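Enquirer: query_35.cif is reproduced in full below (mmCIF, C-alpha atoms).
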```cif
data_structure
loop_
_atom_site.label_atom_id
_atom_site.label_comp_id
_atom_site.auth_asym_id
_atom_site.auth_seq_id
_atom_site.Cartn_x
_atom_site.Cartn_y
_atom_site.Cartn_z
CA MET S 1 27.65 10.91 -8.24
CA ALA S 2 24.40 10.21 -6.35
CA SER S 3 24.61 7.49 -3.73
CA ALA S 4 22.87 4.19 -4.40
CA LEU S 5 19.30 3.96 -3.15
CA ARG S 6 19.11 2.18 0.19
CA ILE S 7 16.10 -0.08 0.70
CA GLU S 8 15.96 -1.23 4.29
CA LEU S 9 13.06 -2.20 6.54
CA ASP S 10 12.81 -0.61 9.99
CA SER S 11 15.80 1.65 9.48
CA PRO S 12 16.15 4.76 11.65
CA SER S 13 17.98 6.47 8.78
CA PRO S 14 15.85 9.10 6.98
CA GLU S 15 17.72 8.26 3.77
CA ALA S 16 16.55 4.64 3.73
CA VAL S 17 13.43 3.71 1.76
CA ASP S 18 11.32 1.48 4.01
CA GLY S 19 8.42 -0.12 2.16
CA ARG S 20 6.84 -1.33 5.38
CA GLN S 21 6.65 2.21 6.75
CA ILE S 22 5.35 3.47 3.41
CA ARG S 23 2.52 0.92 3.62
CA ALA S 24 1.80 1.88 7.24
CA VAL S 25 1.32 5.58 6.54
CA SER S 26 -0.51 4.93 3.25
CA PHE S 27 -2.97 2.44 4.77
CA GLN S 28 -3.53 4.31 8.05
CA ASP S 29 -6.73 6.19 7.27
CA ALA S 30 -8.37 3.20 5.59
CA ARG S 31 -7.38 0.92 8.47
CA LEU S 32 -8.78 3.26 11.12
CA GLU S 33 -11.97 3.86 9.13
CA TYR S 34 -12.49 0.11 8.88
CA VAL S 35 -11.91 -0.36 12.61
CA THR S 36 -14.37 2.37 13.60
CA GLY S 37 -16.95 1.04 11.14
CA THR S 38 -16.57 -2.47 12.54
CA LEU S 39 -17.01 -1.18 16.08
CA ARG S 40 -20.27 0.51 15.07
CA LYS S 41 -21.49 -2.60 13.26
CA LEU S 42 -20.80 -4.84 16.26
CA GLY S 43 -21.95 -2.35 18.90
CA LEU S 44 -18.53 -2.18 20.52
CA ASP S 45 -16.70 0.73 22.16
CA ALA S 46 -12.98 1.44 21.96
CA ALA S 47 -12.95 3.02 25.42
CA GLY S 48 -12.07 0.37 27.96
CA SER S 49 -11.33 -2.29 25.34
CA ARG S 50 -7.96 -3.97 25.35
CA LEU S 51 -6.47 -4.34 21.87
CA LEU S 52 -3.40 -6.20 20.63
CA VAL S 53 -1.62 -5.05 17.46
CA VAL S 54 0.60 -7.66 15.82
CA GLY S 55 2.95 -6.16 13.24
CA GLY S 56 2.82 -2.69 14.77
CA GLY S 57 6.07 -1.58 13.11
CA ARG S 58 7.23 1.89 14.06
CA GLY S 59 3.93 2.63 15.78
CA VAL S 60 1.76 4.35 13.17
CA LEU S 61 -1.18 1.94 13.49
CA PRO S 62 -1.06 1.19 17.25
CA HIS S 63 -0.75 4.90 18.07
CA GLY S 64 -3.72 5.71 15.84
CA LEU S 65 -5.76 3.03 17.59
CA ALA S 66 -4.73 4.34 21.00
CA ARG S 67 -6.08 7.76 20.01
CA LEU S 68 -9.45 6.09 19.37
CA GLY S 69 -9.53 5.12 23.04
CA PHE S 70 -8.18 1.55 23.02
CA ASP S 71 -5.79 0.22 25.66
CA VAL S 72 -3.08 -0.97 23.24
CA LEU S 73 -0.28 -3.51 23.42
CA SER S 74 1.75 -3.57 20.19
CA VAL S 75 4.19 -6.30 19.24
CA ASP S 76 6.53 -6.53 16.28
CA PRO S 77 9.25 -9.01 15.24
CA SER S 78 11.78 -6.21 14.72
CA ALA S 79 13.60 -4.94 17.81
CA THR S 80 14.60 -1.80 15.89
CA ALA S 81 11.00 -1.03 14.93
CA THR S 82 9.93 -1.64 18.52
CA GLU S 83 12.43 0.90 19.82
CA LEU S 84 11.38 3.46 17.19
CA ALA S 85 7.72 2.92 18.13
CA ARG S 86 8.45 3.21 21.84
CA ALA S 87 10.31 6.50 21.30
CA ALA S 88 7.46 7.85 19.14
CA ALA S 89 4.89 6.95 21.82
CA GLU S 90 6.90 8.86 24.41
CA ARG S 91 7.15 11.92 22.16
CA GLU S 92 3.41 11.82 21.49
CA GLY S 93 2.45 11.20 25.10
CA LEU S 94 0.69 7.90 24.33
CA ALA S 95 0.43 5.12 26.90
CA VAL S 96 1.02 2.31 24.38
CA THR S 97 3.08 -0.70 25.46
CA HIS S 98 5.54 -1.96 22.84
CA ARG S 99 7.20 -5.38 22.86
CA THR S 100 9.34 -7.36 20.43
CA SER S 101 7.73 -10.68 19.56
CA ALA S 102 7.18 -12.74 16.41
CA ALA S 103 3.63 -13.62 15.40
CA GLU S 104 4.60 -17.30 15.03
CA THR S 105 5.81 -17.51 18.65
CA LEU S 106 3.65 -14.79 20.16
CA ASP S 107 4.71 -14.07 23.73
CA VAL S 108 1.39 -12.71 24.99
CA GLU S 109 -0.93 -13.99 27.71
CA ASP S 110 -3.99 -16.13 26.94
CA ALA S 111 -7.51 -14.69 26.58
CA ALA S 112 -6.34 -11.18 27.49
CA PHE S 113 -7.70 -9.07 24.62
CA ASP S 114 -11.09 -7.93 23.40
CA LEU S 115 -9.71 -7.25 19.92
CA ALA S 116 -6.56 -7.92 17.93
CA TYR S 117 -5.39 -6.26 14.74
CA TYR S 118 -2.92 -8.14 12.51
CA ALA S 119 -1.00 -5.90 10.09
CA ASP S 120 1.91 -6.77 7.78
CA THR S 121 1.75 -10.34 9.04
CA PHE S 122 -0.48 -12.77 7.16
CA GLU S 123 1.10 -11.99 3.76
CA VAL S 124 4.69 -12.48 4.93
CA THR S 125 4.44 -15.58 7.13
CA SER S 126 4.98 -19.11 5.85
CA ARG S 127 3.34 -20.47 9.03
CA LEU S 128 -0.13 -19.00 8.78
CA ASP S 129 -1.86 -21.65 10.90
CA GLN S 130 0.62 -21.15 13.71
CA VAL S 131 0.05 -17.39 13.60
CA ILE S 132 -3.74 -17.76 13.66
CA GLU S 133 -3.59 -20.31 16.46
CA HIS S 134 -1.90 -17.66 18.62
CA ALA S 135 -4.43 -15.04 17.51
CA ALA S 136 -7.28 -17.24 18.71
CA ARG S 137 -5.45 -18.01 21.94
CA VAL S 138 -4.98 -14.38 23.01
CA LEU S 139 -8.59 -13.33 22.32
CA ARG S 140 -11.30 -13.56 24.93
CA PRO S 141 -14.47 -15.53 24.04
CA GLY S 142 -16.40 -13.39 21.58
CA GLY S 143 -13.27 -11.36 20.80
CA VAL S 144 -12.72 -9.80 17.38
CA LEU S 145 -9.75 -10.31 15.07
CA LEU S 146 -9.25 -7.54 12.51
CA TYR S 147 -6.70 -7.86 9.74
CA ASP S 148 -5.54 -6.64 6.38
CA THR S 149 -3.62 -8.69 3.86
CA VAL S 150 -2.88 -9.20 0.16
CA ASN S 151 -4.97 -11.28 -2.22
CA ARG S 152 -3.35 -13.62 -4.74
CA THR S 153 -4.40 -12.38 -8.18
CA PRO S 154 -2.51 -11.49 -11.37
CA LEU S 155 -2.67 -7.80 -10.37
CA SER S 156 -1.44 -8.36 -6.81
CA ARG S 157 1.47 -10.46 -8.12
CA LEU S 158 2.37 -7.68 -10.56
CA ILE S 159 2.38 -5.09 -7.76
CA TYR S 160 3.79 -6.98 -4.79
CA LEU S 161 6.10 -9.50 -6.43
CA GLY S 162 7.04 -7.27 -9.35
CA ALA S 163 6.80 -3.53 -8.76
CA PHE S 164 7.44 -3.50 -5.00
CA GLN S 165 10.36 -5.92 -4.81
CA ALA S 166 11.74 -6.84 -8.24
CA ILE S 167 11.47 -3.96 -10.72
CA PRO S 168 14.43 -1.61 -10.10
CA MET S 169 12.56 1.62 -10.89
CA THR S 170 9.76 1.06 -8.35
CA ARG S 171 11.29 -1.31 -5.77
CA ILE S 172 10.62 -0.40 -2.11
CA MET S 173 10.99 -3.83 -0.47
CA PRO S 174 13.94 -6.19 -0.06
CA PRO S 175 13.88 -9.35 -2.23
CA GLY S 176 11.87 -12.20 -0.77
CA ARG S 177 9.61 -10.10 1.44
CA TYR S 178 6.62 -11.41 -0.53
CA ALA S 179 6.07 -14.73 -2.30
CA ALA S 180 3.13 -16.03 -4.29
CA ASP S 181 2.33 -18.82 -1.83
CA ARG S 182 2.13 -16.30 1.04
CA LEU S 183 -0.52 -14.21 -0.71
CA ARG S 184 -3.91 -15.64 0.24
CA THR S 185 -7.37 -15.31 -1.26
CA PRO S 186 -10.30 -14.33 0.98
CA ASP S 187 -11.61 -17.91 0.78
CA GLU S 188 -8.25 -19.28 1.91
CA MET S 189 -8.13 -16.81 4.80
CA THR S 190 -11.68 -17.68 5.83
CA ALA S 191 -10.82 -21.39 5.88
CA ALA S 192 -7.60 -20.84 7.85
CA LEU S 193 -9.40 -18.74 10.46
CA ALA S 194 -12.18 -21.32 10.80
CA ARG S 195 -9.64 -24.05 11.57
CA HIS S 196 -8.90 -22.18 14.79
CA GLY S 197 -12.42 -21.24 15.86
CA LEU S 198 -12.44 -17.78 14.28
CA HIS S 199 -15.49 -17.11 12.12
CA ASN S 200 -14.84 -14.62 9.33
CA GLU S 201 -17.73 -12.17 8.99
CA ASP S 202 -16.50 -9.59 6.49
CA VAL S 203 -14.09 -8.91 3.64
CA CYS S 204 -13.57 -5.36 2.38
CA ASP S 205 -11.48 -4.22 -0.56
CA PHE S 206 -9.35 -1.10 -0.15
CA LYS S 207 -7.33 0.62 -2.84
CA PRO S 208 -5.98 3.95 -4.08
CA LYS S 209 -8.74 6.25 -5.26
CA ASN S 210 -6.57 6.93 -8.31
CA PRO S 211 -4.22 3.94 -8.87
CA PRO S 212 -1.58 5.81 -10.93
CA SER S 213 -1.07 8.03 -7.88
CA LEU S 214 0.56 5.07 -6.13
CA VAL S 215 3.26 4.87 -8.81
CA LYS S 216 3.70 8.65 -8.66
CA ALA S 217 4.17 8.58 -4.88
CA VAL S 218 6.59 5.64 -4.94
CA LEU S 219 8.78 7.27 -7.58
CA ALA S 220 8.79 10.60 -5.73
CA ARG S 221 9.68 8.92 -2.42
CA ARG S 222 12.49 6.91 -4.01
CA LYS S 223 13.97 10.12 -5.43
CA GLY S 224 13.74 11.88 -2.05
CA ARG S 225 11.28 14.47 -3.33
CA ILE S 226 8.72 13.69 -0.62
CA THR S 227 8.78 12.17 2.85
CA ASP S 228 6.79 9.17 4.05
CA GLU S 229 4.33 11.51 5.77
CA GLN S 230 3.55 13.26 2.46
CA ILE S 231 2.50 10.04 0.74
CA PRO S 232 -1.06 9.47 2.13
CA PRO S 233 -2.80 12.47 0.51
CA ILE S 234 -1.19 11.60 -2.84
CA VAL S 235 -2.26 7.95 -2.78
CA ASP S 236 -5.56 8.35 -0.85
CA PHE S 237 -6.54 4.75 -0.05
CA VAL S 238 -10.30 4.27 0.24
CA LEU S 239 -12.58 1.44 1.34
CA ALA S 240 -14.53 -0.31 -1.42
CA PRO S 241 -16.80 -2.76 0.44
CA GLN S 242 -18.85 -3.71 -2.64
CA ALA S 243 -15.84 -4.44 -4.85
CA ARG S 244 -14.06 -7.75 -5.35
CA PRO S 245 -10.60 -7.38 -3.80
CA LEU S 246 -7.95 -7.42 -6.52
CA VAL S 247 -4.93 -6.51 -4.38
CA THR S 248 -5.40 -5.66 -0.69
CA TYR S 249 -8.35 -6.36 1.57
CA LEU S 250 -9.45 -5.99 5.17
CA GLY S 251 -11.58 -8.32 7.21
CA TYR S 252 -12.70 -9.32 10.65
CA ALA S 253 -13.53 -12.57 12.40
CA ARG S 254 -15.03 -13.39 15.79
CA LYS S 255 -13.96 -16.03 18.24
CA GLY S 256 -16.76 -18.50 18.76
#
```
Just give me the structure of the file as structure tokens.
Expert:
Amino acid sequence: MASALRIELDSPSPEAVDGRQIRAVSFQDARLEYVTGTLRKLGLDAAGSRLLVVGGGRGVLPHGLARLGFDVLSVDPSATATELARAAAEREGLAVTHRTSAAETLDVEDAAFDLAYYADTFEVTSRLDQVIEHAARVLRPGGVLLYDTVNRTPLSRLIYLGAFQAIPMTRIMPPGRYAADRLRTPDEMTAALARHGLHNEDVCDFKPKNPPSLVKAVLARRKGRITDEQIPPIVDFVLAPQARPLVTYLGYARKG
């Protein structure tokens, strides 16, 4: 008899299905494309810029940003994820600093970063204002906050509250990871950022080029037919800057 599927975030076990890691590898190319495009738009250079990643997980995003030339500090609330990320950085020869810290009680010095990227954070916290207050605190004047999060729409509820954490056939997250009141519209995010002196300047939709491919990849990963690293070319997330975000979106804001 086959063993029961194990869904566990930040697990070092290759048998565990970790929805957070699946998101990290699936979103990676779109995230990095958005960062490089934002740098061009704002006339900024990664080389010599200090960047904070909040919600760095096992290191996929912070290590990709380090390869762009940023000086990266990555923090994550999971001590296990932090250790996995630190070990990966050593294997890859990357000088990324990893620390364990929650976004709501961020243990990072004031005004120390040119940029910050918040991943897997805004859509899971119930204390958004506290998180953003820390984001504003750690940025230098004129600093840039980049983020991605989940909109609150009928489709996003179906995917994140239903398919990803409730429907047995497609579940990849533990129950309670997402809740409707923690999914925020772009207008709600813009207002929350403004309350802390961060002026939102862009919202960009991103989505699978072929949405059914997401279901295909999730089912194959749950059955052990593919690894996490084989998911991105199947799903192929792309930026859609002219589209209205129906599920996930990226954005950036500047500290006034």
Enquirer: To one decimal in Å, tell me the separation between atom CA of Leu139 of chain S and atom CA of Asp110 of chain S.
Expert: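 Result for atom CA of Leu139 of chain S versus atom CA of Asp110 of chain S: 7.1 Å, one decimal.
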Enquirer: Between atom CA of Val203 of chain S and atom CA of Pro241 of chain S, measure the distance and give it in Å to one decimal.
Expert: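 Interatomic distance, atom CA of Val203 of chain S to atom CA of Pro241 of chain S: 7.4 Å.
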Enquirer: Translate the PyMOL selection byres ((chain S and resi 188-201) around 6) into a concrete residue list for this structure, as a list of chain:residue names.
Expert: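 In the shown coordinates, the PyMOL selection byres ((chain S and resi 188-201) around 6) covers S:Glu133, S:Arg184, S:Thr185, S:Pro186, S:Asp187, S:Asp202, S:Tyr252, S:Ala253, S:Arg254, S:Lys255, S:Gly256.
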Enquirer: Given the point (17.5, -1.2, 12.3) in the coordinates of this file, which residues lie within 12 Å, counting all atoms listed in the file, and how would they look as a list of chain:residue names?
Expert: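 Protein, DNA and RNA residues close to (17.5, -1.2, 12.3): S:Ile7, S:Glu8, S:Leu9, S:Asp10, S:Ser11, S:Pro12, S:Ser13, S:Pro14, S:Ala16, S:Asp18, S:Gly57, S:Arg58, S:Pro77, S:Ser78, S:Ala79, S:Thr80, S:Ala81, S:Thr82, S:Glu83, S:Leu84.
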Enquirer: Just the residues within 7 Å of segment 51-55 of chain S, please, counting only C-alpha atoms, with nothing from its chain fewer than 5 positions along; format it as a list in words.
Expert: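 Contacts, with the query itself left out: Pro62, Phe70, Asp71, Val72, Leu73, Ser74, Val75, Asp76, Ala103, Phe113, Asp114, Leu115, Ala116, Tyr117, Tyr118, Ala119, Asp120 and Thr121 of chain S.
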